[in-house]
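*Asks:* This is the structure I want to talk about, given as structure tokens.
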Amino acid sequence: MKPIDVKTVLFESIQALTDYKWLFSSRPGQDNTRNRKFPFQSVISSILAFKAGALNREIMDFYGLDPSIGSASAFIQRRAQILPEAFETLFKLFTSQIDANKLFRGFRLLAVDGSDLQIAANPNDPDSFYPGANGQKSYNLLHINAMYDVIQCIYTDAILQKSRVTDESRALTDMVDRSDINNALLLADRGYESYNNLAHIQEKGWSFLIRIKDNTTGITSGLILPDKDEYDVPFHLKLTKKQSNSVKELLKDKNHFKLVPSRVRFDYLPLKSRKHDPAVFYSLHFRIVRFPISDTTCETIITNLDETQFPLCEVKKLYAMRWGIETSFRQLKHTLGLLHLHAKKVEFVYQEIFAKLTMYNFCELITQSVVIQQGKRKHNYKVSFSDSAHICLEFFLGKVAPPNLEVLLMKFISPIRPGRSDPRKPAQKAAYSFTYRVA
């Protein structure tokens, strides 16, 4: 899509929301009914345009330096009248219209992962509150579960959860079940290792490629596998919750039958059965692939891809493509400024998360529309997202004309250097105090 078309779709999506603003008002029939300094449509747009500044600066940047401009307090009152679902609906409405359905060998490549977001401390919310320890301040934590198209580099779905009640597997199955995508390959890391997750993906008619624990606990611990660094073993496993004597005999064949304990969630088997009821089995088909990645480390992958079309070397490449969702979280938080929230209320934070997901897709689509003439260079080049995001936000605000947009984006390019790596340095990113914001 051309940049102007992407912008048009976003503005039409905002207008569609405005046409039914009563659906997204905290008090339908009372809120968003009169003309004010901060009407519904402009509040939606201004939150989409938030950067990393203090709220007063954001208001001045969006509405201009007009003496009649409303106060930050008035703005907060207006955004309080808008339900967080408005921004989630906008994200889904916009994304559904810009989704080009690009395929990789017949599949949509979808990565699923989660990322934590630290917000202001609120002891009255036990589902997300963490008391300070070892001299650290207390904080609250939200968890963003996201589904990401690694070919188009856009988010396709997201579910927000409070950290202490996070259920990534539930979020995964919900996003899979409600998706309208026909044929997809889902890529995921070890946190999504679960027979129930695999069954939901299989029932959807999708394929999966998930990294699992390497011969310790989890799926591999209950199977008989070769004792070597590299293998590719197919399985046709029958799962059951029944524990009759006849079933126990079958369960001795560990590579063909598996007992799912009653305490473990599995949505395609009855939770209970009477003694004389026949055993119910669920058939699950997959391969377990193991390969070394260093002299001392191996990776194990579970997938239901066909072994003739996707041999071990292809499985390696596909799993590496999952890294796109990891870098997208970094860009979402640091480049687009999700770490710099403009509110303490969880409802307002939800608004800003879905606003940032929407603007991430907006910026990516525009950035990808730029075609770079590679020429005779040592490396291929791409538009730098960290620079282009700022230009795209200015384009959204109407401060950059379409003819100048591509010229500006072409000025900020960076080389693509495949194979580079950097050890992960996990650490919680604290919420930025409202007192310390950029001018």
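Quick note on naming: the chains in the structure tokens go A, B, ... in the order shown, residues restart at 1 in each chain, and ligands are numbered from 1 in order of appearance.
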Need to verify the contact set: Tyr139 of chain A, 7 Å, only C-alpha atoms, exclusion of same-chain residues closer than 6 positions in sequence. Can you return it as a list in words?
*Replies:*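 Skipping anything fewer than 6 positions along the chain leaves Gln118, Ile119, Ala120, Ala121, Phe129, Tyr130 and Pro131 of chain A.
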*Asks:* Sort by chain and increasing residue number a table of all residues of segment 53-154 of chain A within 12 Å of segment 354-359 of chain A, each with its closest pair of atoms and their distance in Å to one decimal, counting only C-alpha atoms, and write it as CSV.
*Replies:*
residue,atom,partner,partner_atom,distance
A:Leu83,CA,A:Phe354,CA,11.9
A:Pro84,CA,A:Phe354,CA,8.4
A:Glu85,CA,A:Phe354,CA,9.0
A:Ala86,CA,A:Phe354,CA,9.2
A:Phe87,CA,A:Phe354,CA,5.6
A:Glu88,CA,A:Phe354,CA,5.6
A:Thr89,CA,A:Phe354,CA,8.9
A:Leu90,CA,A:Thr358,CA,7.6
A:Phe91,CA,A:Thr358,CA,5.0
A:Lys92,CA,A:Thr358,CA,8.3
A:Leu93,CA,A:Thr358,CA,9.7
A:Phe94,CA,A:Thr358,CA,7.4
A:Thr95,CA,A:Thr358,CA,7.5
A:Ser96,CA,A:Thr358,CA,11.2
A:Ile98,CA,A:Thr358,CA,11.0
A:Ile144,CA,A:Phe354,CA,10.1
A:Asn145,CA,A:Leu357,CA,11.7
A:Ala146,CA,A:Leu357,CA,9.6
A:Met147,CA,A:Leu357,CA,11.1
A:Tyr148,CA,A:Leu357,CA,10.6
A:Cys153,CA,A:Leu357,CA,11.6
A:Ile154,CA,A:Leu357,CA,8.7
*Asks:* Just list as a PyMOL selection string whatever in segment 169-371 of chain A DSSP marks as strand (DSSP E or B).
*Replies:* chain A and resi 184-188+207-212+231-240+257-259+282-292+298-303
*Asks:* Between A:Leu251, A:Leu223, A:Leu312, A:Val112, which residue has the minimum interatomic distance to Val176 of chain A, considering only C-alpha atoms?
*Replies:*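 Between A:Leu251, A:Leu223, A:Leu312, A:Val112, the residue approaching Val176 of chain A most closely is A:Val112.
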*Asks:* Would you please work out which residue, of A:Ala49, A:Leu187, A:Lys213, A:Ile14, is nearest to Ala389 of chain A when using only C-alpha atoms?
*Replies:*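 Selected residue with least distance to Ala389 of chain A: A:Ala49.
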*Asks:* Would you mind listing what lies within 6 Å of segment 237-244 of chain A as a PyMOL selection string, with only C-alpha atoms counted and same-chain residues fewer than 3 positions away left out?
*Replies:* chain A and resi 247+256-260+279+281-284
*Asks:* Go through segment 180-222 of chain A and flag each residue having an atom no more than 10 Å from segment 266-270 of chain A; for those, report the closest pair of atoms plus their distance in Å to one decimal, using only C-alpha atoms, ordered by chain and rising number, as a Markdown table.
*Replies:*
| residue | atom | partner | partner_atom | distance |
| --- | --- | --- | --- | --- |
| A:Ser194 | CA | A:Phe266 | CA | 9.1 |
| A:Tyr195 | CA | A:Phe266 | CA | 7.4 |
| A:Asn196 | CA | A:Phe266 | CA | 5.0 |
| A:Asn197 | CA | A:Phe266 | CA | 8.6 |
| A:Ala199 | CA | A:Tyr268 | CA | 7.8 |
| A:His200 | CA | A:Asp267 | CA | 8.3 |
| A:Glu203 | CA | A:Tyr268 | CA | 9.6 |
*Asks:* If you keep all heavy atoms, can you produce a file of those selected residues as a PDB file, in the first residue's frame?
*Replies:*
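So the final result, stored in again_9.pdb, reads:
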ATOM      1  N   SER A 194       2.883 -27.212  25.179  1.00  0.00           N
ATOM      2  CA  SER A 194       1.682 -27.768  25.804  1.00  0.00           C
ATOM      3  C   SER A 194       0.919 -28.584  24.772  1.00  0.00           C
ATOM      4  O   SER A 194       0.720 -28.136  23.636  1.00  0.00           O
ATOM      5  CB  SER A 194       0.803 -26.645  26.351  1.00  0.00           C
ATOM      6  OG  SER A 194      -0.524 -27.057  26.517  1.00  0.00           O
ATOM      7  N   TYR A 195       0.469 -29.785  25.170  1.00  0.00           N
ATOM      8  CA  TYR A 195      -0.336 -30.604  24.263  1.00  0.00           C
ATOM      9  C   TYR A 195      -1.635 -29.882  23.903  1.00  0.00           C
ATOM     10  O   TYR A 195      -2.121 -29.996  22.776  1.00  0.00           O
ATOM     11  CB  TYR A 195      -0.665 -31.957  24.911  1.00  0.00           C
ATOM     12  CG  TYR A 195       0.476 -32.945  24.880  1.00  0.00           C
ATOM     13  CD1 TYR A 195       0.995 -33.484  26.054  1.00  0.00           C
ATOM     14  CD2 TYR A 195       1.038 -33.362  23.666  1.00  0.00           C
ATOM     15  CE1 TYR A 195       2.039 -34.406  26.021  1.00  0.00           C
ATOM     16  CE2 TYR A 195       2.076 -34.281  23.624  1.00  0.00           C
ATOM     17  CZ  TYR A 195       2.575 -34.797  24.808  1.00  0.00           C
ATOM     18  OH  TYR A 195       3.608 -35.700  24.768  1.00  0.00           O
ATOM     19  N   ASN A 196      -2.204 -29.142  24.853  1.00  0.00           N
ATOM     20  CA  ASN A 196      -3.445 -28.438  24.575  1.00  0.00           C
ATOM     21  C   ASN A 196      -3.243 -27.358  23.524  1.00  0.00           C
ATOM     22  O   ASN A 196      -4.078 -27.163  22.633  1.00  0.00           O
ATOM     23  CB  ASN A 196      -3.992 -27.821  25.857  1.00  0.00           C
ATOM     24  CG  ASN A 196      -5.396 -27.290  25.685  1.00  0.00           C
ATOM     25  OD1 ASN A 196      -6.319 -28.020  25.342  1.00  0.00           O
ATOM     26  ND2 ASN A 196      -5.577 -25.996  25.914  1.00  0.00           N
ATOM     27  N   ASN A 197      -2.116 -26.633  23.601  1.00  0.00           N
ATOM     28  CA  ASN A 197      -1.817 -25.621  22.586  1.00  0.00           C
ATOM     29  C   ASN A 197      -1.678 -26.264  21.209  1.00  0.00           C
ATOM     30  O   ASN A 197      -2.199 -25.749  20.214  1.00  0.00           O
ATOM     31  CB  ASN A 197      -0.530 -24.884  22.948  1.00  0.00           C
ATOM     32  CG  ASN A 197      -0.680 -24.010  24.183  1.00  0.00           C
ATOM     33  OD1 ASN A 197      -1.793 -23.765  24.646  1.00  0.00           O
ATOM     34  ND2 ASN A 197       0.429 -23.546  24.728  1.00  0.00           N
ATOM     35  N   ALA A 199      -2.996 -29.028  20.181  1.00  0.00           N
ATOM     36  CA  ALA A 199      -4.299 -29.507  19.723  1.00  0.00           C
ATOM     37  C   ALA A 199      -5.147 -28.372  19.159  1.00  0.00           C
ATOM     38  O   ALA A 199      -5.820 -28.541  18.130  1.00  0.00           O
ATOM     39  CB  ALA A 199      -5.020 -30.192  20.882  1.00  0.00           C
ATOM     40  N   HIS A 200      -5.125 -27.203  19.809  1.00  0.00           N
ATOM     41  CA  HIS A 200      -5.898 -26.062  19.303  1.00  0.00           C
ATOM     42  C   HIS A 200      -5.390 -25.641  17.919  1.00  0.00           C
ATOM     43  O   HIS A 200      -6.190 -25.315  17.031  1.00  0.00           O
ATOM     44  CB  HIS A 200      -5.799 -24.887  20.278  1.00  0.00           C
ATOM     45  CG  HIS A 200      -6.831 -24.927  21.364  1.00  0.00           C
ATOM     46  ND1 HIS A 200      -8.024 -24.258  21.287  1.00  0.00           N
ATOM     47  CD2 HIS A 200      -6.834 -25.589  22.546  1.00  0.00           C
ATOM     48  CE1 HIS A 200      -8.733 -24.481  22.386  1.00  0.00           C
ATOM     49  NE2 HIS A 200      -8.028 -25.281  23.172  1.00  0.00           N
ATOM     50  N   GLU A 203      -6.494 -28.304  15.425  1.00  0.00           N
ATOM     51  CA  GLU A 203      -7.927 -28.196  15.141  1.00  0.00           C
ATOM     52  C   GLU A 203      -8.231 -27.005  14.236  1.00  0.00           C
ATOM     53  O   GLU A 203      -9.187 -27.037  13.453  1.00  0.00           O
ATOM     54  CB  GLU A 203      -8.712 -28.066  16.444  1.00  0.00           C
ATOM     55  CG  GLU A 203      -8.775 -29.334  17.273  1.00  0.00           C
ATOM     56  CD  GLU A 203      -9.534 -30.439  16.579  1.00  0.00           C
ATOM     57  OE1 GLU A 203     -10.628 -30.173  16.057  1.00  0.00           O
ATOM     58  OE2 GLU A 203      -9.031 -31.588  16.560  1.00  0.00           O
TER      59      GLU A 203
END
*Asks:* Among the residues of segment 223-307 of chain A, find those DSSP assigns to helix (DSSP H, G or I) from the backbone and print them as a ChimeraX atom specification.
*Replies:* /A:245-250
*Asks:* Could you turn the residues from that selection into a file that holds N, CA and C atoms, as a CSV table (one decimal), in the first residue's frame?
*Replies:*
chain,number,residue,atom,x,y,z
A,245,ASN,N,-7.8,-50.2,33.4
A,245,ASN,CA,-6.7,-51.2,33.3
A,245,ASN,C,-6.2,-51.4,31.9
A,246,SER,N,-7.2,-51.5,30.9
A,246,SER,CA,-6.9,-51.7,29.5
A,246,SER,C,-6.1,-50.5,29.0
A,247,VAL,N,-6.4,-49.3,29.4
A,247,VAL,CA,-5.7,-48.1,29.0
A,247,VAL,C,-4.3,-48.1,29.5
A,248,LYS,N,-4.2,-48.5,30.8
A,248,LYS,CA,-2.8,-48.6,31.4
A,248,LYS,C,-1.9,-49.5,30.6
A,249,GLU,N,-2.4,-50.6,30.1
A,249,GLU,CA,-1.6,-51.4,29.2
A,249,GLU,C,-1.1,-50.7,28.0
A,250,LEU,N,-2.1,-49.9,27.4
A,250,LEU,CA,-1.7,-49.2,26.2
A,250,LEU,C,-0.6,-48.1,26.5
*Asks:* Quick one, how far is atom CA of Lys51 of chain A from atom CA of Gln81 of chain A?
*Replies:* 21.8 Å
*Asks:* Find the residues near Ser386 of chain A: any atom within 10 Å, counting only C-alpha atoms, skip ones fewer than 3 places away on the same chain, and give them as a VMD selection string.
*Replies:* chain A and resid 331 334 to 336 383 389 to 391 412
*Asks:* Quick one: of A:Ala184, A:Ile4, A:Ile212, A:Ile325, who's nearest to Gly114 of chain A, counting only C-alpha atoms?
*Replies:*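 Selected residue with least distance to Gly114 of chain A: A:Ile325.
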*Asks:* So, with only C-alpha atoms as the atoms that count, which of A:Phe38, A:Phe395, A:Phe235, A:Phe107 lies closest to Ser73 of chain A?
*Replies:*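 Under the stated criterion, the closest residue is A:Phe38.
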*Asks:* As JSON, numbers by chain, please: the residues near Ser179 of chain A (cut-off 9 Å, only C-alpha atoms, same-chain neighbours under 3 positions excluded).
*Replies:* {"A": [156, 157, 174, 175, 176, 182]}
*Asks:* Hey, can you check how far atom CA of Asp5 of chain A sits from atom CA of Leu17 of chain A?
*Replies:* 18.4 Å
*Asks:* Quick one: everything within 10 Å of Val315 of chain A, counting only C-alpha atoms, minus sequence neighbours fewer than 4 positions away in the same chain. Send it as a count of residues only.
*Replies:* 13
